[in-house]
Amino acid sequence: MTPAPTSRTGVVIVGSVTADVTTFSQRLPARGETILGDQFTLLLGGKGANQAVAAGLAGARTSFVGCVGDDLFHDLVVDGLSSASVDLTHLRTVPGPTGIAHIRVDASAQNDIVMVPLANAQLSEEQIDAALAALAPTTSVLLTQLETPASLTLHITSRAREHGMTVVLDPAPAAPLDAAVWRNIDIVTPNETEATLLSGIEVTDAASAERAGRWFLEQGVGAAVITMAEKGSCVVTAEGVAFIAPIPVSPVDTTAAGDAYAGYLGAALAEGWSLTEATRLASAAGAITVTRQGASPSLPHRGEVDALLAAHSEAAPAPVPASN
């Protein structure tokens, strides 16, 4: 596929950054129980930072807008983002601690996460406005999530639309949104749990994912991409529905799989790829990510993703017409 040429090939991520404290154990403890773990890591994380690293590794000119504390985790954040060639002009250092995420991973690769925003709560409208105005001439895609202050989501998406950017929302952690936000979103990318919580439609298979996707379109979203891990992805637009087959892998840690997906989706869209083709690339990135431990260190380089996608391209189904 030959992407359409464009002078605005950049991706900007407005989002969270954390130091990820992760423990690995055979199982997760029951309430009030203490168990012995197998491993511990301390790494760069946060949905925003992870998506920025993924987009950078995908080859996109990537900029990050967010806040980091002036504590001992500051350099961990800066070094981690810089290693993926992410532009940090609009990363603001603020007094106090950097955001923290406590992640627990069991032997089946499932995880649970408690995220404490801390420095992320200091993201401001003024910082967002200055960053998007400066980046607009060279940037076509904005990625954002819901780990930033809820009051800013409408502002972020409105400003991006005013600058003519394609707005991609990863609605995680899922939370009720101002109805006006949905009308600013070109593409929403919930997983099955988030789609269920937001739409009220329990997503368990392709048919229910399509129904949930149509709910998002009814709210004013341009397109919905419902991700379902080992069940693949469902792309719902006004023109039709496409089901993207999963790439079989043996999972080790599902942390940051959704962020790999979002970052590669944004990078592909900025290159001019169609949504369906961009979703296939994103699926391959997510598949590689779950085979590795940790958040940002598990994110793959573009060559790995292209190779995996090429090896499994024959499994990708063609779009099917939307049902009436």
# chains A, B, ... in the order shown; residues from 1 in each chain; ligands from 1
$ select_by_dssp --residues "region 175-209 of chain A" --states "helix (DSSP H, G or I)" --output "PyMOL selection string"
chain A and resi 179-182+192-199+206-209
$ residues_around --residues "region 34-46 of chain A" --least-positions-apart "3" --cutoff "9 Å" --atoms "only C-alpha atoms" --output "PyMOL selection string"
chain A and resi 15-31+49-51+73+76-81+99-101+115+147+256+294-297
$ atom_distance --atom1 "CA of Ala52 (chain A)" --atom2 "CA of Tyr261 (chain A)"
11.2 Å
$ closest_residue --among "A:Leu169, A:Leu146, A:Val225, A:Ile185" --to "Arg211 (chain A)" --atoms "only C-alpha atoms"
A:Val225
$ atom_distance --atom1 "CA of Val11 (chain A)" --atom2 "CA of Leu132 (chain A)"
10.8 Å
$ residues_around --residues "Gly232 (chain A)" --least-positions-apart "2" --cutoff "9 Å" --atoms "only C-alpha atoms" --output "list in words"
Ala206, Ile226, Thr227, Met228, Ala229, Glu230, Cys234, Phe243, Ile244, Ala245, Pro246, Ile247 and Ser283 of chain A
$ closest_residue --among "A:Ala267, A:Leu135, A:Val14, A:Val236" --to "His155 (chain A)" --atoms "only C-alpha atoms"
A:Val14
$ closest_atom_pairs --of "region 55-128 of chain A" --to "region 270-275 of chain A" --cutoff "12 Å" --atoms "only C-alpha atoms" --output "CSV"
residue,atom,partner,partner_atom,distance
A:Ala55,CA,A:Ala270,CA,10.0
A:Gly56,CA,A:Ala270,CA,12.0
A:Ala58,CA,A:Glu271,CA,10.5
A:Gly59,CA,A:Glu271,CA,9.6
A:Ala60,CA,A:Ala270,CA,7.6
A:Arg61,CA,A:Ala270,CA,9.2
A:Thr62,CA,A:Ala270,CA,10.3
$ atom_distance --atom1 "CA of Lys231 (chain A)" --atom2 "CA of Ala172 (chain A)"
19.4 Å
$ select_by_dssp --residues "region 10-156 of chain A" --states "strand (DSSP E or B)" --output "PyMOL selection string"
chain A and resi 10-14+18-24+39-45+61-69+87+91-94+99-105+111-116+139-144
$ closest_residue --among "A:Thr148, A:Val141, A:Asp253, A:Thr89" --to "Val116 (chain A)" --atoms "only C-alpha atoms"
A:Thr148
$ closest_residue --among "A:Ser108, A:Gln219, A:Thr204, A:Thr157" --to "Ser250 (chain A)" --atoms "only C-alpha atoms"
A:Ser108
$ residues_around --residues "Val65 (chain A)" --least-positions-apart "2" --cutoff "9 Å" --atoms "only C-alpha atoms" --output "number ranges by chain"
A: 12-16, 48, 63, 67, 88-92, 123, 127-128, 131-132
$ residues_around --residues "region 191-195 of chain A" --least-positions-apart "5" --cutoff "10 Å" --atoms "only C-alpha atoms" --output "list of chain:residue names"
A:Asp170, A:Pro171, A:Ala172, A:Pro173, A:Ala174, A:Ala175, A:Gly200, A:Ile201, A:Glu202, A:Val203, A:Thr204, A:Asp205, A:Ser208, A:Ala209, A:Ala212, A:Gly213, A:Trp215, A:Phe216, A:Ala224, A:Val225, A:Ile226, A:Thr227, A:Met228, A:Ala229, A:Ser233, A:Gly258
$ closest_residue --among "A:Glu304, A:Glu210, A:Glu239, A:Asp186" --to "Gly222 (chain A)" --atoms "only C-alpha atoms"
A:Asp186
$ closest_residue --among "A:Val114, A:Val94, A:Leu299, A:Leu57" --to "Ala257 (chain A)" --atoms "only C-alpha atoms"
A:Leu299
